[in-house]
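Enquirer: My structure file entry.cif, mmCIF, C-alpha atoms, is below:
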```cif
data_query
#
loop_
_atom_site.label_atom_id
_atom_site.label_comp_id
_atom_site.auth_asym_id
_atom_site.auth_seq_id
_atom_site.Cartn_x
_atom_site.Cartn_y
_atom_site.Cartn_z
CA MET A 1 -11.34 -43.76 -40.84
CA LYS A 2 -8.09 -43.56 -38.90
CA ARG A 3 -7.18 -40.43 -40.85
CA ALA A 4 -10.52 -38.81 -39.87
CA ILE A 5 -10.00 -39.67 -36.20
CA SER A 6 -6.47 -38.27 -36.30
CA LEU A 7 -7.75 -35.08 -37.93
CA VAL A 8 -10.41 -34.65 -35.23
CA MET A 9 -7.82 -35.19 -32.50
CA LEU A 10 -5.48 -32.69 -34.14
CA ILE A 11 -8.25 -30.06 -34.34
CA ALA A 12 -9.18 -30.72 -30.70
CA CYS A 13 -5.55 -30.33 -29.61
CA LEU A 14 -5.15 -27.12 -31.60
CA PHE A 15 -8.34 -25.72 -30.06
CA LEU A 16 -7.12 -26.66 -26.58
CA PHE A 17 -3.76 -25.01 -27.20
CA TYR A 18 -5.57 -21.93 -28.51
CA GLN A 19 -7.76 -21.70 -25.40
CA VAL A 20 -4.76 -22.12 -23.07
CA GLY A 21 -2.81 -19.54 -25.06
CA VAL A 22 -5.64 -17.01 -24.96
CA THR A 23 -6.02 -17.46 -21.19
CA PHE A 24 -2.27 -17.22 -20.59
CA LEU A 25 -1.75 -14.14 -22.75
CA LYS A 26 -4.94 -12.28 -21.84
CA LYS A 27 -4.26 -9.12 -19.87
CA SER A 28 -7.75 -7.68 -19.46
CA HIS A 29 -11.46 -8.15 -20.00
CA GLU A 30 -14.78 -6.48 -19.15
CA VAL A 31 -18.12 -8.22 -18.87
CA ASP A 32 -21.59 -7.40 -17.52
CA TYR A 33 -23.97 -9.95 -16.05
CA THR A 34 -26.98 -10.13 -13.72
CA MET A 35 -27.64 -12.16 -10.59
CA LYS A 36 -30.75 -12.54 -8.43
CA ASN A 37 -31.16 -13.62 -4.83
CA SER A 38 -33.82 -13.09 -2.12
CA GLY A 39 -35.79 -10.66 -4.27
CA TYR A 40 -32.77 -8.54 -5.17
CA THR A 41 -31.41 -8.12 -8.69
CA PHE A 42 -27.71 -7.28 -8.94
CA GLN A 43 -26.06 -5.82 -12.02
CA ILE A 44 -22.39 -6.80 -12.01
CA HIS A 45 -19.73 -5.06 -14.04
CA GLU A 46 -16.59 -7.19 -13.88
CA GLN A 47 -13.25 -5.91 -15.05
CA PHE A 48 -9.96 -7.80 -15.12
CA LYS A 49 -6.81 -5.68 -15.41
CA ASN A 50 -3.37 -5.40 -13.83
CA LYS A 51 -3.73 -9.00 -12.61
CA ASN A 52 -6.74 -8.09 -10.46
CA TYR A 53 -10.51 -8.37 -10.68
CA TYR A 54 -12.69 -5.31 -10.00
CA PHE A 55 -16.44 -5.49 -9.45
CA GLU A 56 -19.06 -2.76 -9.53
CA ILE A 57 -22.25 -4.28 -8.11
CA THR A 58 -25.51 -2.29 -8.11
CA SER A 59 -29.03 -2.97 -6.90
CA GLY A 60 -31.45 -0.05 -6.86
CA GLN A 61 -29.95 2.80 -4.82
CA TYR A 62 -27.13 0.62 -3.54
CA LYS A 63 -23.75 0.52 -5.26
CA PHE A 64 -20.74 -1.53 -4.19
CA TYR A 65 -17.21 -1.50 -5.51
CA THR A 66 -14.77 -4.21 -4.54
CA SER A 67 -11.78 -6.10 -5.90
CA HIS A 68 -9.93 -9.38 -5.67
CA SER A 69 -6.51 -10.56 -6.74
CA ASP A 70 -6.32 -12.88 -9.72
CA ALA A 71 -7.25 -16.29 -8.36
CA PHE A 72 -9.57 -17.32 -11.19
CA THR A 73 -7.15 -18.12 -14.06
CA LYS A 74 -8.39 -15.04 -15.90
CA THR A 75 -11.87 -16.49 -16.51
CA LYS A 76 -15.03 -14.38 -16.83
CA GLU A 77 -18.14 -14.11 -14.62
CA VAL A 78 -16.29 -15.29 -11.52
CA ILE A 79 -19.07 -14.34 -9.06
CA LYS A 80 -21.36 -17.37 -8.89
CA ASP A 81 -23.78 -16.07 -6.23
CA ILE A 82 -24.43 -13.09 -3.95
CA GLU A 83 -25.72 -13.64 -0.44
CA VAL A 84 -27.63 -10.62 0.87
CA LYS A 85 -29.25 -9.12 3.98
CA GLU A 86 -30.88 -5.72 4.47
CA GLU A 87 -31.87 -4.12 7.78
CA ASN A 88 -32.47 -0.49 8.73
CA ASN A 89 -31.57 0.83 5.26
CA LEU A 90 -28.20 -0.92 5.31
CA LEU A 91 -27.69 -3.54 2.59
CA CYS A 92 -24.91 -6.08 3.12
CA ILE A 93 -23.70 -8.50 0.46
CA TYR A 94 -21.28 -11.40 0.34
CA PRO A 95 -20.03 -12.20 -3.20
CA VAL A 96 -19.51 -15.93 -3.57
CA TYR A 97 -16.63 -16.53 -5.96
CA LYS A 98 -15.77 -19.51 -8.08
CA GLU A 99 -13.13 -21.97 -6.87
CA ASP A 100 -14.10 -21.36 -3.22
CA THR A 101 -12.00 -18.19 -3.20
CA PRO A 102 -12.19 -16.21 0.09
CA SER A 103 -14.55 -13.25 0.05
CA ALA A 104 -15.69 -10.55 2.48
CA ILE A 105 -18.94 -8.87 3.45
CA VAL A 106 -19.35 -5.29 2.28
CA CYS A 107 -22.27 -3.04 3.23
CA SER A 108 -23.82 0.14 1.84
CA ASP A 109 -26.31 2.75 3.03
CA GLY A 110 -26.73 4.08 -0.51
CA LYS A 111 -23.97 6.67 -0.17
CA THR A 112 -21.01 5.02 1.54
CA ASN A 113 -19.65 1.47 1.55
CA TYR A 114 -18.60 -0.04 4.87
CA SER A 115 -15.85 -2.60 5.35
CA LYS A 116 -16.33 -5.48 7.76
CA GLU A 117 -14.33 -3.47 10.30
CA THR A 118 -16.90 -0.63 10.32
CA ALA A 119 -20.04 -2.71 9.64
CA LYS A 120 -19.45 -5.46 12.19
CA ASN A 121 -21.67 -3.87 14.87
CA TYR A 122 -24.73 -3.56 12.57
CA SER A 123 -27.43 -6.23 12.73
CA ALA A 124 -27.53 -6.68 8.93
CA TYR A 125 -23.83 -7.54 8.95
CA GLN A 126 -24.13 -9.87 11.94
CA THR A 127 -27.12 -11.71 10.44
CA LEU A 128 -25.40 -12.18 7.09
CA LEU A 129 -22.14 -13.25 8.75
CA ALA A 130 -23.97 -15.94 10.73
CA PHE A 131 -25.63 -17.15 7.51
CA VAL A 132 -22.45 -17.41 5.43
CA LYS A 133 -20.70 -19.17 8.30
CA GLU A 134 -23.56 -21.66 8.49
CA LYS A 135 -23.18 -22.34 4.75
CA GLY A 136 -19.44 -22.80 5.18
CA PHE A 137 -18.39 -19.77 3.10
CA GLU A 138 -16.81 -17.95 6.04
CA LYS A 139 -14.88 -19.24 9.03
CA ASP A 140 -13.92 -17.65 12.32
CA GLU A 141 -10.51 -16.00 12.22
CA ILE A 142 -8.18 -17.83 14.57
CA TYR A 143 -5.44 -15.48 15.66
CA GLN A 144 -3.03 -15.96 18.54
CA GLU A 145 -0.89 -12.89 19.17
CA THR A 146 2.76 -13.70 19.84
CA GLU A 147 5.23 -11.21 21.26
CA LYS A 148 9.00 -10.74 21.19
CA LEU A 149 11.17 -8.10 22.83
CA ASP A 150 14.29 -6.54 21.30
CA GLY A 151 15.59 -3.78 23.55
CA ARG A 152 12.94 -1.05 23.61
CA ILE A 153 11.10 -2.54 20.64
CA THR A 154 8.31 -5.07 21.12
CA TYR A 155 7.17 -6.78 17.95
CA TYR A 156 4.47 -9.31 17.16
CA PRO A 157 5.66 -12.06 14.76
CA SER A 158 2.14 -13.46 14.40
CA ALA A 159 1.03 -10.19 12.74
CA ILE A 160 3.93 -10.05 10.29
CA GLU A 161 3.38 -11.78 6.97
CA ASP A 162 5.28 -10.77 3.84
CA GLU A 163 6.63 -7.44 5.09
CA ILE A 164 9.89 -6.21 6.57
CA ILE A 165 9.78 -3.24 8.95
CA THR A 166 12.67 -0.88 9.61
CA VAL A 167 12.81 1.19 12.82
CA TRP A 168 15.20 4.14 13.18
CA THR A 169 16.97 3.98 16.56
CA TYR A 170 19.03 7.24 16.34
CA GLN A 171 22.26 5.37 15.49
CA GLY A 172 20.91 3.06 12.81
CA ILE A 173 17.99 0.73 12.21
CA VAL A 174 16.44 -2.41 13.60
CA ILE A 175 15.12 -4.64 10.81
CA VAL A 176 12.07 -6.62 11.93
CA GLY A 177 10.56 -9.60 10.11
CA GLU A 178 8.44 -12.58 11.04
CA ASN A 179 11.39 -14.53 12.41
CA ARG A 180 14.09 -11.90 12.80
CA SER A 181 15.18 -8.63 14.39
CA ASP A 182 18.58 -7.39 13.26
CA HIS A 183 20.51 -4.29 14.34
CA ILE A 184 22.36 -2.28 11.68
CA ASP A 185 24.24 0.64 13.24
CA THR A 186 25.47 3.23 10.75
CA ILE A 187 26.65 6.13 12.94
CA SER A 188 28.43 6.40 16.29
CA PHE A 189 26.31 9.25 17.71
CA ASP A 190 22.59 9.94 18.10
CA ARG A 191 20.79 11.51 15.14
CA TYR A 192 17.37 12.33 16.57
CA ASP A 193 15.75 13.77 13.43
CA ASN A 194 15.96 11.14 10.71
CA THR A 195 15.59 13.59 7.82
CA GLN A 196 18.23 12.20 5.45
CA SER A 197 17.55 8.45 5.47
CA GLU A 198 14.99 6.67 3.32
CA LEU A 199 13.88 3.17 2.41
CA VAL A 200 14.05 2.88 -1.38
CA GLY A 201 12.48 -0.42 -2.39
CA LYS A 202 14.41 -3.01 -0.40
CA TYR A 203 17.38 -0.68 0.18
CA TYR A 204 17.73 1.46 3.29
CA VAL A 205 19.83 4.50 2.35
CA THR A 206 21.47 6.59 5.07
CA PRO A 207 24.38 9.11 5.18
CA ILE A 208 27.91 8.34 6.30
CA TYR A 209 28.52 11.53 8.26
CA GLN A 210 31.98 13.11 8.23
CA ASP A 211 31.22 15.24 11.27
CA ASN A 212 28.60 14.73 13.98
CA ARG A 213 28.16 18.49 14.42
CA LEU A 214 28.04 19.70 10.83
CA TYR A 215 26.23 16.59 9.51
CA GLU A 216 28.16 16.75 6.24
CA TYR A 217 28.57 13.64 4.11
CA SER A 218 29.93 12.57 0.73
CA SER A 219 28.82 8.93 0.69
CA LEU A 220 25.90 6.75 1.70
CA TYR A 221 25.34 3.35 3.26
CA CYS A 222 22.94 1.25 1.22
CA THR A 223 21.58 -1.72 3.22
CA ASP A 224 19.58 -4.50 1.59
CA VAL A 225 16.97 -5.20 4.30
CA THR A 226 16.23 -8.67 2.95
CA ASN A 227 19.70 -10.02 3.73
CA ASN A 228 21.53 -7.23 5.67
CA THR A 229 24.23 -6.83 3.03
CA GLN A 230 25.64 -3.31 2.84
CA GLU A 231 27.25 -1.32 0.04
CA THR A 232 28.61 2.24 -0.14
CA ILE A 233 27.53 4.83 -2.70
CA ALA A 234 29.86 7.77 -3.41
CA LEU A 235 28.18 11.15 -3.94
CA PRO A 236 29.36 13.69 -6.53
CA ILE A 237 29.59 16.48 -3.91
CA VAL A 238 29.94 16.94 -0.16
CA VAL A 239 26.34 17.31 0.98
CA SER A 240 25.66 19.92 3.67
CA ASN A 241 23.27 19.83 6.59
CA TYR A 242 21.09 22.25 4.59
CA SER A 243 19.81 19.39 2.46
CA TYR A 244 16.54 17.51 2.34
CA VAL A 245 15.00 14.55 0.54
CA ASN A 246 12.59 15.51 -2.25
CA GLY A 247 11.18 12.00 -2.46
CA VAL A 248 11.43 8.53 -3.97
CA VAL A 249 10.18 7.70 -7.47
CA ASP A 250 10.66 4.48 -9.46
CA GLY A 251 13.35 3.11 -7.17
CA LYS A 252 15.43 6.30 -7.09
CA LEU A 253 16.02 8.77 -4.26
CA TYR A 254 16.08 12.52 -4.96
CA LEU A 255 18.07 14.80 -2.65
CA PHE A 256 18.46 18.57 -2.72
CA ASP A 257 21.28 20.57 -1.09
CA LYS A 258 20.20 24.19 -0.49
CA ASN A 259 23.74 25.26 0.26
CA ALA A 260 25.22 23.88 -2.98
CA LYS A 261 21.99 24.50 -4.95
CA LYS A 262 22.23 21.04 -6.46
CA GLN A 263 19.78 18.18 -6.86
CA ILE A 264 21.10 14.62 -6.78
CA GLU A 265 19.54 11.43 -8.11
CA ILE A 266 20.58 8.27 -6.23
CA ASP A 267 19.98 4.78 -7.60
CA PRO A 268 20.57 2.20 -4.82
CA LYS A 269 20.07 -0.77 -7.13
CA LYS A 270 22.88 0.36 -9.45
CA GLY A 271 24.92 1.98 -6.66
CA THR A 272 25.18 5.30 -8.51
CA ALA A 273 24.56 8.98 -7.80
CA ARG A 274 24.56 11.95 -10.18
CA ILE A 275 23.74 15.66 -10.20
CA ILE A 276 20.55 16.33 -12.17
CA GLY A 277 19.82 19.94 -11.12
CA SER A 278 21.98 23.01 -10.52
CA GLU A 279 22.07 26.81 -10.97
CA GLU A 280 22.88 26.19 -14.62
CA ASP A 281 20.03 23.70 -15.10
CA ASP A 282 16.53 23.40 -13.68
CA GLY A 283 15.69 20.86 -11.02
CA ILE A 284 12.95 18.29 -11.49
CA TYR A 285 9.68 17.90 -9.58
CA TYR A 286 7.17 15.04 -9.41
CA ASN A 287 3.47 15.03 -8.49
CA GLY A 288 2.26 12.16 -10.60
CA ASP A 289 4.08 13.58 -13.64
CA TRP A 290 7.58 15.00 -14.04
CA SER A 291 8.12 18.73 -14.56
CA SER A 292 11.02 21.19 -14.47
CA ARG A 293 11.33 23.73 -11.65
CA ASN A 294 13.70 26.65 -11.24
CA ILE A 295 16.48 25.62 -8.89
CA TYR A 296 15.69 28.54 -6.57
CA ASP A 297 12.19 27.17 -6.01
CA PHE A 298 13.87 24.31 -4.13
CA VAL A 299 15.96 26.80 -2.11
CA GLN A 300 13.16 29.18 -1.12
CA GLN A 301 10.90 26.40 0.11
CA GLU A 302 11.33 22.69 0.69
CA LEU A 303 9.60 20.94 -2.21
CA TYR A 304 8.53 17.37 -1.61
CA PHE A 305 7.41 15.02 -4.32
CA SER A 306 3.83 13.78 -4.31
CA ASP A 307 2.61 10.44 -5.66
CA PHE A 308 -0.35 12.05 -7.40
CA ASP A 309 -2.19 15.25 -8.20
CA GLU A 310 -4.82 15.57 -5.44
CA SER A 311 -7.03 18.10 -7.24
CA ILE A 312 -9.66 15.55 -8.32
CA LEU A 313 -9.83 13.94 -4.87
CA LYS A 314 -10.02 17.33 -3.12
CA SER A 315 -12.90 18.38 -5.35
CA LYS A 316 -14.98 15.49 -3.94
CA TYR A 317 -13.81 14.98 -0.36
CA SER A 318 -12.55 16.89 2.65
CA TYR A 319 -9.61 15.26 4.41
CA ASN A 320 -6.32 15.88 6.24
CA SER A 321 -3.99 13.51 4.37
CA ALA A 322 -4.16 11.23 1.34
CA TRP A 323 -2.16 8.38 -0.18
CA GLN A 324 -2.48 6.10 -3.16
CA SER A 325 -1.90 2.54 -4.32
CA GLU A 326 -2.01 1.27 -7.87
CA ASP A 327 -5.81 1.20 -8.01
CA SER A 328 -7.02 3.28 -5.05
CA TYR A 329 -6.78 6.49 -3.08
CA TYR A 330 -6.85 6.43 0.71
CA PHE A 331 -7.69 9.51 2.78
CA TYR A 332 -7.94 10.31 6.49
CA ASP A 333 -10.12 13.06 7.96
CA GLY A 334 -8.80 12.91 11.52
CA GLY A 335 -11.05 10.09 12.70
CA ASN A 336 -12.05 8.03 9.67
CA MET A 337 -9.94 6.20 7.10
CA TYR A 338 -11.51 5.86 3.65
CA GLN A 339 -10.63 4.07 0.46
CA VAL A 340 -11.95 5.09 -2.94
CA TYR A 341 -11.11 3.22 -6.12
CA LYS A 342 -9.76 5.35 -8.94
CA ASP A 343 -12.42 3.91 -11.23
CA ALA A 344 -15.22 4.63 -8.74
CA LEU A 345 -14.51 8.02 -7.18
CA ASP A 346 -18.14 8.48 -6.10
CA THR A 347 -18.20 5.29 -4.00
CA PRO A 348 -16.15 5.84 -0.82
CA ILE A 349 -15.47 2.90 1.49
CA LEU A 350 -15.17 3.57 5.23
CA LEU A 351 -12.36 1.19 6.20
CA PHE A 352 -11.96 1.90 9.91
CA GLN A 353 -12.31 4.61 12.53
CA GLN A 354 -9.31 5.68 14.60
CA ASN A 355 -8.25 8.95 16.20
CA GLY A 356 -4.64 10.02 16.52
CA ILE A 357 -3.12 8.46 13.39
CA VAL A 358 0.16 10.27 12.64
CA GLU A 359 1.91 8.23 9.92
CA VAL A 360 0.51 5.98 7.19
CA HIS A 361 2.22 3.59 4.77
CA VAL A 362 0.24 2.03 1.93
CA GLU A 363 1.68 -1.18 0.49
CA LYS A 364 -0.56 -2.80 -2.13
CA ASP A 365 -3.91 -3.26 -0.32
CA THR A 366 -2.45 -3.16 3.20
CA LEU A 367 -2.27 -0.07 5.43
CA TYR A 368 0.23 0.47 8.24
CA TYR A 369 -0.30 3.34 10.66
CA ILE A 370 1.05 4.67 13.95
CA VAL A 371 -1.09 5.54 16.97
CA GLY A 372 0.80 6.42 20.16
CA ASP A 373 3.68 3.98 20.58
CA THR A 374 2.24 1.29 18.29
CA LEU A 375 2.37 0.42 14.59
CA TYR A 376 -0.82 -1.27 13.34
CA ARG A 377 -1.57 -3.30 10.22
CA TYR A 378 -4.92 -3.15 8.42
CA SER A 379 -5.81 -5.68 5.72
CA PRO A 380 -9.23 -6.03 4.02
CA TYR A 381 -9.42 -9.77 4.71
CA SER A 382 -8.32 -9.88 8.35
CA SER A 383 -8.71 -7.94 11.57
CA THR A 384 -6.48 -4.98 12.46
CA LYS A 385 -3.35 -6.16 14.27
CA ARG A 386 -0.51 -4.69 16.30
CA VAL A 387 2.82 -5.07 14.48
CA LEU A 388 5.26 -3.46 16.90
CA LYS A 389 5.63 -1.04 19.80
CA TYR A 390 8.46 1.43 20.30
CA ALA A 391 8.65 3.79 23.27
CA GLU A 392 10.02 6.67 21.15
CA LEU A 393 7.08 6.88 18.74
CA PRO A 394 4.83 9.15 20.85
CA TYR A 395 7.60 11.75 20.89
CA ASN A 396 9.34 11.21 17.56
CA TYR A 397 7.46 9.46 14.77
CA LYS A 398 8.46 11.23 11.54
CA ASN A 399 10.35 8.89 9.25
CA MET A 400 10.99 6.51 12.14
CA ILE A 401 9.34 3.50 10.49
CA ASP A 402 9.38 2.17 6.94
CA ILE A 403 7.84 -0.88 5.33
CA TYR A 404 9.14 -3.16 2.60
CA LYS A 405 6.50 -5.55 1.29
CA LYS A 406 7.96 -8.49 -0.61
#
```
Spell out the structure here as structure tokens.
Expert:
Amino acid sequence: MKRAISLVMLIACLFLFYQVGVTFLKKSHEVDYTMKNSGYTFQIHEQFKNKNYYFEITSGQYKFYTSHSDAFTKTKEVIKDIEVKEENNLLCIYPVYKEDTPSAIVCSDGKTNYSKETAKNYSAYQTLLAFVKEKGFEKDEIYQETEKLDGRITYYPSAIEDEIITVWTYQGIVIVGENRSDHIDTISFDRYDNTQSELVGKYYVTPIYQDNRLYEYSSLYCTDVTNNTQETIALPIVVSNYSYVNGVVDGKLYLFDKNAKKQIEIDPKKGTARIIGSEEDDGIYYNGDWSSRNIYDFVQQELYFSDFDESILKSKYSYNSAWQSEDSYYFYDGGNMYQVYKDALDTPILLFQQNGIVEVHVEKDTLYYIVGDTLYRYSPYSSTKRVLKYAELPYNYKNMIDIYKK
């Protein structure tokens, strides 16, 4: 009898270890299930990949696409209910997740999805919001803006979470975080156009100029913005003022000198720099994939790397500028900012409306953008917030601000 009990316990333990192992090692799953509420039937396609959950939710003519970070220990069928309200041909839903995980209302008119930022003035949204608050699913956002002044820069610590912001001040940078603002001066004269400096991961890379008129340099300062430590990187040639940054890919900076006809790869993490393109060898170009380009292509026109090939996006939408994250494209048409998931290119989401946006940084699911003298922060689960103000931004905004998200 004791042997039988021991055998049962052993089998139970092995099964438990198996289940834990499967959950721990699992990297993806897909599952379809159905949910009904208030006369609506929702077909849910749930996909778990890249440590995130993605949901395509359809009901009749309405289609929603949304996502959530992995907060469900990789389990399946994590939506336990869908609260719903429809008014004036606008359907708004609130997915209720397991484990009381925060959610957000998303609305659709059958063609476009609307974030809470763009749907908040519609009666369907307001009615549903009041209902989910009454049930305790949603709470009022309590936000108290705090302000600090550092010279000509005003920043708002209450809006800063897990990011570090760098601001070019013509002689170096100010590094702004939730509880810090540090000055790192790298040159002794004003460099108005910040064309040679770049944030590469957590490293801010900027030239050590030999001459403030010729702007020549043969080494770089490499500043770790998380702790202000600074190293020097020697370059293989003296770089002329006729140089420009091709772009940043996989933690490396690519620089081209038109005068020397050489392309340089700089790795701040390793502290190295090497020539990878010359008159004898082709240069390299990146637009989602690497390719070789004749070195004179880089001389005749300034070639800048692109994160992705925009041909598919341009075939579906008209816009001024576009960016990407791991799972989404973002595009701006001059007044509206949209998101479209790469797996749902026919379901655009209107995130917010804003004229006059001149610079955008996409870090994970958070957008940072400049309007006038102010840098704003948009996140899908909170209201848009001011991050900092700098008096120079209305006149000089190109490459003035960079973001490092921890």
Enquirer: Name the residues captured by the PyMOL selection byres ((chain A and resi 199-202) around 6) when it is applied to the shown file; answer as a PDB file with C-alpha atoms, in the coordinates of the input.
Expert:
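Below is the file selection-v3.pdb, written as the result:
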```pdb
ATOM      1  CA  GLU A 198      14.990   6.670   3.320  1.00  0.00           C
ATOM      2  CA  TYR A 203      17.380  -0.680   0.180  1.00  0.00           C
ATOM      3  CA  TYR A 204      17.730   1.460   3.290  1.00  0.00           C
ATOM      4  CA  ASP A 224      19.580  -4.500   1.590  1.00  0.00           C
ATOM      5  CA  VAL A 225      16.970  -5.200   4.300  1.00  0.00           C
ATOM      6  CA  GLY A 251      13.350   3.110  -7.170  1.00  0.00           C
TER       7      GLY A 251
END
```
Enquirer: Just so the selection is clear, what residues does the PyMOL selection byres ((chain A and resi 93) around 8) cover here, as a PyMOL selection string?
Expert: chain A and resi 82-85+91-92+94-95+105-107+128
Enquirer: Tell me which residues the PyMOL selection byres ((chain A and resi 176) around 10) grabs here, as a PyMOL selection string.
Expert: chain A and resi 150+153+155-157+160+163-167+173-175+177-183+225+387-388+403
Enquirer: Residues within 10 Å of (-16.8, -3.7, 9.0), file coordinates, counting only C-alpha atoms: what are they? Give the list as a PDB file with C-alpha atoms, in the frame of the given file.
Expert:
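So the final result, stored in out-v6.pdb, reads:
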```pdb
ATOM      1  CA  ALA A 104     -15.690 -10.550   2.480  1.00  0.00           C
ATOM      2  CA  ILE A 105     -18.940  -8.870   3.450  1.00  0.00           C
ATOM      3  CA  VAL A 106     -19.350  -5.290   2.280  1.00  0.00           C
ATOM      4  CA  CYS A 107     -22.270  -3.040   3.230  1.00  0.00           C
ATOM      5  CA  ASN A 113     -19.650   1.470   1.550  1.00  0.00           C
ATOM      6  CA  TYR A 114     -18.600  -0.040   4.870  1.00  0.00           C
ATOM      7  CA  SER A 115     -15.850  -2.600   5.350  1.00  0.00           C
ATOM      8  CA  LYS A 116     -16.330  -5.480   7.760  1.00  0.00           C
ATOM      9  CA  GLU A 117     -14.330  -3.470  10.300  1.00  0.00           C
ATOM     10  CA  THR A 118     -16.900  -0.630  10.320  1.00  0.00           C
ATOM     11  CA  ALA A 119     -20.040  -2.710   9.640  1.00  0.00           C
ATOM     12  CA  LYS A 120     -19.450  -5.460  12.190  1.00  0.00           C
ATOM     13  CA  ASN A 121     -21.670  -3.870  14.870  1.00  0.00           C
ATOM     14  CA  TYR A 122     -24.730  -3.560  12.570  1.00  0.00           C
ATOM     15  CA  TYR A 125     -23.830  -7.540   8.950  1.00  0.00           C
ATOM     16  CA  LEU A 350     -15.170   3.570   5.230  1.00  0.00           C
ATOM     17  CA  LEU A 351     -12.360   1.190   6.200  1.00  0.00           C
ATOM     18  CA  PHE A 352     -11.960   1.900   9.910  1.00  0.00           C
ATOM     19  CA  PRO A 380      -9.230  -6.030   4.020  1.00  0.00           C
ATOM     20  CA  SER A 383      -8.710  -7.940  11.570  1.00  0.00           C
TER      21      SER A 383
END
```
Enquirer: Hey, can you check how far CA of Tyr217 (chain A) sits from CA of Gln263 (chain A)?
Expert: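 Result for CA of Tyr217 (chain A) versus CA of Gln263 (chain A): 14.8 Å, one decimal.
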Enquirer: Within 10 Å of region 309-322 of chain A, counting only C-alpha atoms, which residues qualify if same-chain residues fewer than 2 places away don't, as a list in words?
Expert: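 The residues satisfying every condition are Tyr286, Asn287, Gly288, Asp289, Ser306, Asp307, Gln324, Tyr329, Tyr330, Phe331, Tyr332, Asp333, Gly334, Gly335, Asn336, Met337, Tyr338, Gln339, Val340, Lys342, Leu345, Asp346, Pro348, Val358, Glu359 and Val360 of chain A.
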Enquirer: Tell me, in Å to one decimal, how far CA of Tyr244 (chain A) is from CA of Ile357 (chain A).
Expert: 24.3 Å
Enquirer: For the atom pair CA of Thr366 (chain A) and CA of Tyr143 (chain A), what is the interatomic distance in Å to one decimal place?
Expert: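 Calculated distance between CA of Thr366 (chain A) and CA of Tyr143 (chain A) is 17.8 Å.
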Enquirer: Please list as an mmCIF file with C-alpha atoms, keeping the file's coordinate frame every residue within 8 Å of Gly277 (chain A), counting all atoms listed in the file and excluding residues in the same chain fewer than 4 positions away.
Expert:
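Output contents, as saved in selection32.cif:
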```cif
data_model
loop_
_atom_site.group_PDB
_atom_site.id
_atom_site.type_symbol
_atom_site.label_atom_id
_atom_site.label_comp_id
_atom_site.auth_asym_id
_atom_site.auth_seq_id
_atom_site.Cartn_x
_atom_site.Cartn_y
_atom_site.Cartn_z
ATOM 1 C CA LYS A 261 21.990 24.500 -4.950
ATOM 2 C CA LYS A 262 22.230 21.040 -6.460
ATOM 3 C CA GLN A 263 19.780 18.180 -6.860
ATOM 4 C CA ILE A 264 21.100 14.620 -6.780
ATOM 5 C CA ASP A 281 20.030 23.700 -15.100
ATOM 6 C CA ASP A 282 16.530 23.400 -13.680
ATOM 7 C CA GLY A 283 15.690 20.860 -11.020
ATOM 8 C CA ILE A 284 12.950 18.290 -11.490
ATOM 9 C CA ILE A 295 16.480 25.620 -8.890
#
```
